[in-house]
>>> print(open('final12.cif').read())   # mmCIF, C-alpha atoms
data_input
#
loop_
_atom_site.label_atom_id
_atom_site.label_comp_id
_atom_site.auth_asym_id
_atom_site.auth_seq_id
_atom_site.Cartn_x
_atom_site.Cartn_y
_atom_site.Cartn_z
CA MET A 106 98.86 97.29 76.40
CA ALA A 107 96.80 94.47 74.99
CA ARG A 108 96.28 94.47 71.27
CA ILE A 109 92.76 95.65 70.52
CA ILE A 110 92.68 96.43 66.84
CA THR A 111 94.44 94.29 64.27
CA LYS A 112 94.84 94.89 60.56
CA GLU A 113 91.82 92.66 59.98
CA HIS A 114 89.77 94.86 62.33
CA ALA A 115 91.11 97.96 60.58
CA LEU A 116 89.87 96.71 57.23
CA LYS A 117 86.45 95.87 58.70
CA ILE A 118 86.21 99.34 60.23
CA ALA A 119 87.19 100.95 56.93
CA LYS A 120 84.44 99.00 55.17
CA LYS A 121 81.85 99.79 57.80
CA LEU A 122 82.63 103.51 57.79
CA LYS A 123 82.50 103.49 53.98
CA ALA A 124 86.04 104.73 53.81
CA ILE A 125 87.81 105.46 50.56
CA ILE A 126 91.06 103.53 50.43
CA ARG A 127 94.05 105.37 49.02
CA GLU A 128 97.36 103.57 48.72
CA GLU A 129 100.70 105.30 48.91
CA GLY A 130 104.10 103.96 49.96
CA ALA A 131 104.04 101.48 52.81
CA HIS A 132 100.52 102.46 53.83
CA ALA A 133 96.98 102.36 52.69
CA TYR A 134 94.92 105.29 53.95
CA ALA A 135 91.29 104.84 54.87
CA GLU A 136 89.65 108.24 54.40
CA ILE A 137 86.14 108.82 55.73
CA PHE A 138 84.06 111.54 54.16
CA HIS A 139 80.83 113.02 55.43
CA GLU A 140 78.92 115.57 53.36
CA GLU A 141 81.88 115.68 50.97
CA ARG A 142 84.32 116.66 53.67
CA LEU A 143 87.15 114.52 55.02
CA ILE A 144 86.27 114.02 58.67
CA ALA A 145 88.71 111.29 59.69
CA TRP A 146 91.34 109.01 58.29
CA PHE A 147 93.66 106.27 59.44
CA GLY A 148 96.67 104.49 58.06
CA ILE A 149 96.72 100.74 57.50
CA ARG A 150 100.10 99.09 57.28
CA ARG A 151 100.53 97.13 54.12
CA GLY A 152 101.68 93.54 54.46
CA SER A 153 100.25 90.11 54.72
CA GLU A 154 100.01 89.75 58.50
CA LYS A 155 96.38 90.04 59.49
CA ASP A 156 97.17 90.38 63.18
CA LYS A 157 99.46 93.37 62.80
CA GLY A 158 98.58 95.87 65.50
CA HIS A 159 96.58 98.98 64.60
CA ASP A 160 95.63 100.16 68.06
CA HIS A 161 96.33 103.77 67.04
CA ILE A 162 93.13 103.69 64.98
CA GLN A 163 91.10 104.45 68.08
CA LYS A 164 92.97 107.75 68.39
CA ASP A 165 92.60 108.44 64.68
CA LEU A 166 88.84 107.91 64.94
CA TYR A 167 88.46 109.77 68.27
CA VAL A 168 86.98 106.78 70.05
CA ASN A 169 88.10 104.63 72.95
CA GLY A 170 89.34 101.07 72.68
CA TYR A 171 85.96 99.58 73.43
CA GLN A 172 84.21 101.71 70.80
CA ALA A 173 86.90 100.84 68.26
CA LYS A 174 86.35 97.18 68.94
CA MET A 175 82.59 97.70 68.63
CA LEU A 176 83.16 99.37 65.27
CA ALA A 177 85.11 96.35 64.09
CA ALA A 178 82.43 94.01 65.37
CA CYS A 179 78.77 94.63 64.62
CA PRO A 180 77.28 96.79 67.40
CA LEU A 181 78.54 100.31 66.57
CA THR A 182 77.27 101.66 63.25
CA ARG A 183 78.66 104.43 61.06
CA GLU A 184 75.75 106.65 62.14
CA GLN A 185 76.50 106.04 65.82
CA TRP A 186 80.16 106.83 65.22
CA LEU A 187 79.17 110.05 63.45
CA GLY A 188 77.12 110.83 66.56
CA ILE A 189 80.21 110.38 68.73
CA LEU A 190 82.21 112.69 66.45
CA SER A 191 79.42 115.24 66.51
CA GLU A 192 79.43 115.24 70.32
CA LYS A 193 83.17 115.88 70.26
CA GLY A 194 82.86 118.71 67.73
CA LYS A 195 84.76 116.81 65.05
CA LEU A 196 82.03 116.87 62.43
CA MET B 1286 104.27 87.34 140.73
CA PRO B 1287 101.18 85.19 141.46
CA THR B 1288 101.70 82.15 143.66
CA PHE B 1289 99.99 78.84 143.11
CA ALA B 1290 98.90 76.37 145.73
CA ARG B 1291 99.97 72.75 145.35
CA ILE B 1292 97.73 70.92 142.97
CA PRO B 1293 96.86 67.48 144.30
CA GLU B 1294 97.90 64.79 141.87
CA LEU B 1295 95.13 62.36 141.10
CA PRO B 1296 95.21 59.38 138.76
CA SER B 1297 93.33 60.22 135.65
CA SER B 1298 90.80 57.47 136.37
CA ASN B 1299 89.93 59.21 139.59
CA LEU B 1300 89.11 62.54 138.13
CA GLY B 1301 85.81 63.63 139.54
CA TRP B 1302 85.78 60.76 141.97
CA THR B 1303 87.40 59.89 145.29
CA GLU B 1304 87.85 56.50 146.76
CA GLU B 1305 86.50 55.62 150.16
CA GLU B 1306 86.82 52.41 152.08
CA ASP B 1307 83.69 50.44 152.58
CA PHE B 1308 83.89 49.86 156.27
CA LEU B 1309 80.49 48.29 156.44
CA THR B 1310 81.63 45.00 154.94
CA PRO B 1311 84.07 42.72 156.76
CA PHE B 1312 87.53 42.79 155.23
CA ASN B 1313 87.55 39.11 154.33
CA SER B 1314 84.06 39.13 152.99
CA PRO B 1315 83.71 38.38 149.32
CA LEU B 1316 81.62 41.49 149.24
CA SER B 1317 84.50 43.48 150.51
CA SER B 1318 85.62 45.94 147.95
CA ARG B 1319 86.72 49.42 147.51
CA CYS B 1320 83.67 51.10 146.21
CA ARG B 1321 83.43 54.30 144.38
CA VAL B 1322 81.34 56.99 145.86
CA ALA B 1323 80.69 60.16 144.03
CA VAL B 1324 81.98 63.03 146.03
CA PRO B 1325 82.18 66.46 144.50
CA GLN B 1326 85.75 67.60 144.40
CA GLN B 1327 86.87 70.87 145.81
CA GLU B 1328 86.30 73.78 143.51
CA GLU B 1329 89.47 75.47 144.69
CA LEU B 1330 91.64 73.08 142.72
CA PHE B 1331 93.62 76.02 141.40
CA ILE B 1332 94.17 78.42 144.14
CA VAL B 1333 95.54 81.58 142.72
CA GLU B 1334 96.92 84.23 144.85
CA GLY B 1335 97.56 87.65 143.43
CA ALA B 1336 94.71 87.75 140.88
CA GLU B 1337 95.49 91.38 140.18
CA ASP B 1338 98.93 90.40 139.04
CA MET B 1339 97.31 87.89 136.69
CA ALA B 1340 95.06 90.59 135.27
CA SER B 1341 98.02 92.82 134.61
CA LEU B 1342 99.86 89.88 133.06
CA PHE B 1343 96.94 89.20 130.72
CA SER B 1344 96.80 92.87 129.87
CA VAL B 1345 100.50 92.74 128.90
CA PHE B 1346 99.81 89.63 126.82
CA ALA B 1347 96.82 91.28 125.14
CA LYS B 1348 98.84 94.40 124.38
CA ASP B 1349 101.64 92.29 122.94
CA ILE B 1350 99.23 90.33 120.77
CA SER B 1351 97.57 93.49 119.53
CA GLN B 1352 100.98 94.94 118.63
CA ARG B 1353 101.87 91.77 116.78
CA VAL B 1354 98.59 91.88 114.83
CA GLU B 1355 99.18 95.53 114.01
CA THR B 1356 102.72 94.77 112.82
CA ASP B 1357 101.48 91.86 110.70
CA LEU B 1358 98.87 94.13 109.10
CA LYS B 1359 101.48 96.78 108.34
CA VAL B 1360 103.78 94.15 106.81
CA ALA B 1361 100.90 92.80 104.71
CA MET B 1362 100.06 96.32 103.49
CA LEU B 1363 103.71 97.00 102.65
CA GLU B 1364 103.90 93.73 100.75
CA LYS B 1365 100.83 94.77 98.75
CA VAL B 1366 102.32 98.21 98.00
CA ILE B 1367 105.59 96.61 96.90
CA LEU B 1368 103.71 94.25 94.59
CA GLU B 1369 101.81 97.17 93.05
CA LEU B 1370 105.01 99.16 92.58
CA ARG B 1371 106.71 96.16 91.02
CA TYR B 1372 103.78 95.79 88.60
CA THR B 1373 103.86 99.51 87.73
CA VAL B 1374 107.62 99.48 87.16
CA GLY B 1375 107.20 96.38 85.01
CA GLU B 1376 104.55 98.15 82.93
CA LEU B 1377 106.77 101.20 82.51
CA MET B 1378 109.71 99.03 81.52
CA THR B 1379 107.53 97.22 79.00
CA GLN B 1380 106.02 100.36 77.49
CA ARG B 1381 109.41 101.99 77.07
CA THR B 1382 108.18 105.39 75.97
CA ILE B 1383 110.83 107.46 74.26
CA HIS B 1384 110.83 110.95 72.74
CA VAL B 1385 112.48 111.23 69.35
CA PRO B 1386 113.41 114.60 67.91
CA VAL B 1387 112.86 114.59 64.16
CA ALA B 1388 114.95 117.11 62.28
CA SER B 1389 114.49 116.02 58.69
CA LEU B 1390 111.94 114.50 56.32
CA GLU B 1391 114.53 113.42 53.76
CA PRO B 1392 114.27 112.04 51.09
CA GLU B 1393 110.81 113.63 50.76
CA PRO B 1394 110.83 117.04 49.06
CA PHE B 1395 109.81 118.80 52.26
CA VAL B 1396 111.72 120.68 54.90
CA LEU B 1397 110.99 121.02 58.56
CA LYS B 1398 110.82 124.59 59.77
CA HIS B 1399 111.87 123.35 63.21
CA PRO B 1400 112.50 119.94 64.78
CA ILE B 1401 109.42 118.09 65.96
CA ILE B 1402 109.17 115.70 68.89
CA VAL B 1403 107.67 112.31 68.20
CA VAL B 1404 106.62 110.02 71.04
CA VAL B 1405 107.27 106.34 70.50
CA GLN B 1406 105.51 103.82 72.72
CA SER B 1407 105.86 100.08 72.85
CA ASP B 1408 102.64 98.22 72.26
CA ASP B 1409 102.95 94.45 72.60
CA ASP B 1410 105.42 93.44 69.88
CA GLN B 1411 105.19 96.66 67.90
CA PHE B 1412 105.85 100.37 68.37
CA VAL B 1413 103.55 103.29 67.77
CA ALA B 1414 104.97 106.69 66.89
CA THR B 1415 102.73 109.65 67.61
CA LEU B 1416 102.87 113.32 66.74
CA PHE B 1417 100.60 114.47 69.54
CA ASP B 1418 100.21 118.05 68.26
CA ALA B 1419 98.44 116.77 65.16
CA ASN B 1420 97.13 113.46 66.52
CA MET B 1421 98.92 111.54 63.81
CA ASN B 1422 100.07 107.99 64.46
CA ALA B 1423 101.92 105.19 62.74
CA ALA B 1424 103.02 101.75 63.84
CA GLY B 1425 106.13 99.75 63.09
CA ASP B 1426 107.90 96.58 64.13
CA THR B 1427 110.78 98.63 65.53
CA GLN B 1428 111.07 102.12 66.95
CA VAL B 1429 112.96 103.30 63.86
CA GLU B 1430 110.34 101.79 61.54
CA ALA B 1431 107.52 103.42 63.51
CA VAL B 1432 109.18 106.85 63.23
CA ASP B 1433 109.90 106.33 59.53
CA ASN B 1434 106.28 105.30 58.96
CA LEU B 1435 105.06 108.37 60.81
CA LYS B 1436 107.24 110.61 58.62
CA GLU B 1437 105.71 108.96 55.57
CA VAL B 1438 102.20 109.44 56.96
CA ILE B 1439 102.91 113.10 57.74
CA VAL B 1440 104.14 113.83 54.22
CA SER B 1441 101.38 111.80 52.56
CA MET B 1442 98.61 113.45 54.53
CA TYR B 1443 100.09 116.91 54.03
CA ARG B 1444 99.91 116.34 50.30
CA ARG B 1445 96.39 114.96 50.59
CA PHE B 1446 95.15 117.86 52.71
CA ALA B 1447 96.66 120.33 50.25
CA GLU B 1448 95.05 118.46 47.34
CA LEU B 1449 91.60 118.49 48.95
CA GLY B 1450 91.82 122.07 50.10
CA GLU B 1451 90.69 123.39 53.48
CA HIS B 1452 87.05 123.70 52.42
CA ARG B 1453 86.86 119.91 52.10
CA LEU B 1454 88.38 119.18 55.47
CA GLY B 1455 86.38 118.52 58.60
CA PRO B 1456 87.42 120.15 61.89
CA ALA B 1457 89.96 117.50 62.89
CA PRO B 1458 91.77 117.15 59.53
CA ARG B 1459 91.72 120.95 59.15
CA LYS B 1460 93.47 121.30 62.49
CA GLN B 1461 95.95 118.59 61.48
CA PHE B 1462 96.68 120.48 58.23
CA GLN B 1463 97.22 123.72 60.12
CA VAL B 1464 99.62 122.03 62.54
CA LEU B 1465 101.51 120.45 59.67
CA GLN B 1466 101.72 123.77 57.84
CA SER B 1467 103.29 125.29 60.93
CA PHE B 1468 106.35 123.10 60.67
CA ILE B 1469 106.45 121.66 57.12
CA ALA B 1470 107.07 123.43 53.88
CA PRO B 1471 107.71 122.11 50.37
CA LYS B 1472 111.29 122.49 49.26
CA ALA B 1473 111.76 125.57 47.14
#
>>> encode(input="final12.cif", output="C-alpha cells")
Amino acid sequence: MARIITKEHALKIAKKLKAIIREEGAHAYAEIFHEERLIAWFGIRRGSEKDKGHDHIQKDLYVNGYQAKMLAACPLTREQWLGILSEKGKL
Amino acid sequence: MPTFARIPELPSSNLGWTEEEDFLTPFNSPLSSRCRVAVPQQEELFIVEGAEDMASLFSVFAKDISQRVETDLKVAMLEKVILELRYTVGELMTQRTIHVPVASLEPEPFVLKHPIIVVVQSDDDQFVATLFDANMNAAGDTQVEAVDNLKEVIVSMYRRFAELGEHRLGPAPRKQFQVLQSFIAPKA
C-alpha cells in the first residue's frame, strides 16, 4: 500500500481539526472534541522522522485515504469532516 | 488432388507480349527486324482442374488458421491471467498479514480477561497493528513494535476514556471504551 499519511500530515490534520494533543509514552494523542465530547482521536508516533507512516489515521477518523489526504491538504475543512462523521452516525 | 496444366515458360521481357516474324520485309533488308506486336495472351494461363478440391483445400486452410488464431487468443488470455495472479501473489507476499494473539498487557497494571487477536499488516516499510473490534491502530517499524505500540495505545486510551467518563464520549469512542471494558480490567 502506498504511503498516504505521514507524520507531517498527521500534525497538519491535528491542527486543522483543532485537536488537543496529549502526550504519553511513545505516542502523542490527538483528541478531537465536538460539543465537549470526544468524537475521535488518533495516535502520532513520537520521533524525529517526518515521513513516518500514519496511514491508520484514515481509519481512526472514519474517512478514506483520499479524504484523509484532503484533510492534510487544504480542501477538506473541519466542518466538512464533521459532516462526514454525522452521516456515519459517529457524532 | 487438383491437377495443373503445363504453364508455358516465357522470358520475363515477353510477359504480355508475343513475338511474331515480320514476313513483309525481306530478310536481308535493313528494315528486317523482329517486331513486337501486342497480342493478348490466353486467359487460361493457369488451368485448374478440380476446383471443388481447391475449395475444400481452402476451407481446410481457413479452418486451420481460425484454430490457430483461437489458440493464440487463449494463450494471450492465459498469459494475462498469469500476470494478474503473479501481481496478486506479490501483493499478498508484500502485505504479509499476520494474526497475533495477545495474552498479556504487562508491565501495565491491567489484565486481559481473555486473549485478543491483533491483526498486523505490512505497509511499505512499517507495520500497522489493528484491534478491529475497537478500531484501534498503531504503527511500528517492526511487527513486534507495532503490537507493543498498540498495547500502549489500548491502555492509554482505556485510562483516558475512564477519566473522561462515558457522558463525554462520542458514539465511536464510547463503543471503543465498551469493547475495551469487555476484555480489560485494572489489576486488583
>>> interface_residues(input="final12.cif", of="chain B", to="chain A", cutoff="12 Å", atoms="all atoms listed in the file", output="ChimeraX atom specification")
/B:1376-1377,1379-1381,1393,1405-1417,1419-1426,1430-1431,1433-1442,1444-1446,1448-1462
>>> residues_around(input="final12.cif", residues="A:Leu116", least_positions_apart="5", cutoff="9 Å", atoms="only C-alpha atoms", output="PDB file with C-alpha atoms, keeping the file's coordinate frame")
ATOM      1  CA  THR A 111      94.440  94.290  64.270  1.00  0.00           C
ATOM      2  CA  LYS A 121      81.850  99.790  57.800  1.00  0.00           C
ATOM      3  CA  ALA A 135      91.290 104.840  54.870  1.00  0.00           C
ATOM      4  CA  ILE A 149      96.720 100.740  57.500  1.00  0.00           C
ATOM      5  CA  ALA A 177      85.110  96.350  64.090  1.00  0.00           C
TER       6      ALA A 177
END
>>> atom_distance(input="final12.cif", atom1="atom CA of B:Val1366", atom2="atom CA of B:Met1378")
18.1 Å
>>> atom_distance(input="final12.cif", atom1="atom CA of A:Gly188", atom2="atom CA of A:Met175")
14.4 Å
>>> atom_distance(input="final12.cif", atom1="atom CA of A:Trp186", atom2="atom CA of A:Ile126")
18.7 Å
>>> residues_around(input="final12.cif", residues="stretch 1387-1392 of chain B", least_positions_apart="6", cutoff="8 Å", atoms="all atoms listed in the file", output="list in words")
His1399, Pro1400, Ile1401, Ile1402, Val1403 and Lys1436 of chain B
>>> closest_residue(input="final12.cif", among="A:Leu122, A:Glu113, A:Gly152, A:Val168", to="A:Glu184", atoms="all atoms listed in the file")
A:Leu122
>>> closest_residue(input="final12.cif", among="A:Ile137, A:Lys174, A:Lys193, A:Cys179", to="A:Ala115", atoms="only C-alpha atoms")
A:Lys174
>>> axis_aligned_box(input="final12.cif", around="stretch 1410-1424 of chain B", padding_each_side="6 Å", output="lines of an AutoDock Vina configuration file")
center_x = 101.5
center_y = 105.7
center_z = 66.3
size_x = 20.7
size_y = 36.6
size_z = 19.1
>>> decode(input="final12.cif", residues="stretch 1352-1387 of chain B", atoms="N, CA and C atoms", output="short mmCIF file (atom, residue, chain, number, x, y, z; two decimals), in the first residue's frame")
data_model
loop_
_atom_site.label_atom_id
_atom_site.label_comp_id
_atom_site.auth_asym_id
_atom_site.auth_seq_id
_atom_site.Cartn_x
_atom_site.Cartn_y
_atom_site.Cartn_z
N GLN B 1352 -8.36 -21.88 -36.16
CA GLN B 1352 -7.99 -22.59 -34.93
C GLN B 1352 -6.71 -22.00 -34.32
N ARG B 1353 -5.78 -21.66 -35.21
CA ARG B 1353 -4.53 -21.07 -34.72
C ARG B 1353 -4.80 -19.73 -34.03
N VAL B 1354 -5.65 -18.92 -34.65
CA VAL B 1354 -5.99 -17.61 -34.06
C VAL B 1354 -6.65 -17.81 -32.71
N GLU B 1355 -7.56 -18.78 -32.66
CA GLU B 1355 -8.27 -19.06 -31.40
C GLU B 1355 -7.28 -19.49 -30.32
N THR B 1356 -6.35 -20.37 -30.70
CA THR B 1356 -5.33 -20.84 -29.75
C THR B 1356 -4.47 -19.67 -29.27
N ASP B 1357 -4.06 -18.82 -30.22
CA ASP B 1357 -3.24 -17.66 -29.85
C ASP B 1357 -3.97 -16.77 -28.86
N LEU B 1358 -5.29 -16.56 -29.11
CA LEU B 1358 -6.08 -15.73 -28.20
C LEU B 1358 -6.14 -16.34 -26.81
N LYS B 1359 -6.36 -17.67 -26.78
CA LYS B 1359 -6.43 -18.36 -25.48
C LYS B 1359 -5.10 -18.22 -24.74
N VAL B 1360 -4.01 -18.40 -25.46
CA VAL B 1360 -2.68 -18.28 -24.85
C VAL B 1360 -2.47 -16.87 -24.32
N ALA B 1361 -2.89 -15.87 -25.11
CA ALA B 1361 -2.74 -14.48 -24.68
C ALA B 1361 -3.55 -14.22 -23.40
N MET B 1362 -4.77 -14.76 -23.38
CA MET B 1362 -5.62 -14.58 -22.18
C MET B 1362 -5.00 -15.26 -20.97
N LEU B 1363 -4.48 -16.48 -21.18
CA LEU B 1363 -3.84 -17.19 -20.07
C LEU B 1363 -2.61 -16.43 -19.56
N GLU B 1364 -1.86 -15.86 -20.49
CA GLU B 1364 -0.70 -15.07 -20.09
C GLU B 1364 -1.12 -13.89 -19.22
N LYS B 1365 -2.24 -13.25 -19.62
CA LYS B 1365 -2.75 -12.10 -18.86
C LYS B 1365 -3.18 -12.54 -17.46
N VAL B 1366 -3.90 -13.68 -17.40
CA VAL B 1366 -4.36 -14.19 -16.10
C VAL B 1366 -3.17 -14.51 -15.21
N ILE B 1367 -2.15 -15.14 -15.80
CA ILE B 1367 -0.95 -15.48 -15.01
C ILE B 1367 -0.29 -14.22 -14.47
N LEU B 1368 -0.21 -13.20 -15.31
CA LEU B 1368 0.40 -11.94 -14.87
C LEU B 1368 -0.38 -11.35 -13.70
N GLU B 1369 -1.72 -11.37 -13.81
CA GLU B 1369 -2.56 -10.83 -12.73
C GLU B 1369 -2.36 -11.62 -11.44
N LEU B 1370 -2.33 -12.96 -11.59
CA LEU B 1370 -2.14 -13.81 -10.40
C LEU B 1370 -0.78 -13.54 -9.77
N ARG B 1371 0.23 -13.38 -10.63
CA ARG B 1371 1.57 -13.12 -10.12
C ARG B 1371 1.59 -11.80 -9.33
N TYR B 1372 0.88 -10.79 -9.87
CA TYR B 1372 0.80 -9.49 -9.20
C TYR B 1372 0.10 -9.63 -7.85
N THR B 1373 -1.03 -10.38 -7.86
CA THR B 1373 -1.80 -10.55 -6.63
C THR B 1373 -0.98 -11.28 -5.57
N VAL B 1374 -0.30 -12.35 -5.99
CA VAL B 1374 0.53 -13.10 -5.04
C VAL B 1374 1.64 -12.20 -4.50
N GLY B 1375 2.21 -11.39 -5.38
CA GLY B 1375 3.25 -10.46 -4.96
C GLY B 1375 2.73 -9.50 -3.90
N GLU B 1376 1.52 -8.98 -4.15
CA GLU B 1376 0.90 -8.06 -3.18
C GLU B 1376 0.69 -8.75 -1.85
N LEU B 1377 0.17 -9.99 -1.90
CA LEU B 1377 -0.08 -10.72 -0.66
C LEU B 1377 1.22 -10.99 0.08
N MET B 1378 2.27 -11.33 -0.67
CA MET B 1378 3.56 -11.59 -0.05
C MET B 1378 4.09 -10.32 0.59
N THR B 1379 3.85 -9.18 -0.07
CA THR B 1379 4.36 -7.92 0.45
C THR B 1379 3.59 -7.50 1.70
N GLN B 1380 2.26 -7.69 1.64
CA GLN B 1380 1.45 -7.21 2.78
C GLN B 1380 1.66 -8.07 4.03
N ARG B 1381 1.92 -9.33 3.84
CA ARG B 1381 2.24 -10.22 4.95
C ARG B 1381 1.36 -9.98 6.18
N THR B 1382 0.10 -10.21 6.04
CA THR B 1382 -0.81 -10.04 7.17
C THR B 1382 -0.67 -11.22 8.12
N ILE B 1383 -0.50 -10.89 9.39
CA ILE B 1383 -0.45 -11.98 10.39
C ILE B 1383 -1.42 -11.66 11.52
N HIS B 1384 -1.86 -12.70 12.21
CA HIS B 1384 -2.75 -12.55 13.36
C HIS B 1384 -1.95 -12.88 14.61
N VAL B 1385 -1.94 -11.95 15.53
CA VAL B 1385 -1.14 -12.16 16.75
C VAL B 1385 -2.07 -12.24 17.96
N PRO B 1386 -2.06 -13.36 18.64
CA PRO B 1386 -2.84 -13.43 19.88
C PRO B 1386 -2.10 -12.70 21.00
N VAL B 1387 -2.78 -11.80 21.64
CA VAL B 1387 -2.17 -11.06 22.76
C VAL B 1387 -2.79 -11.59 24.05
#
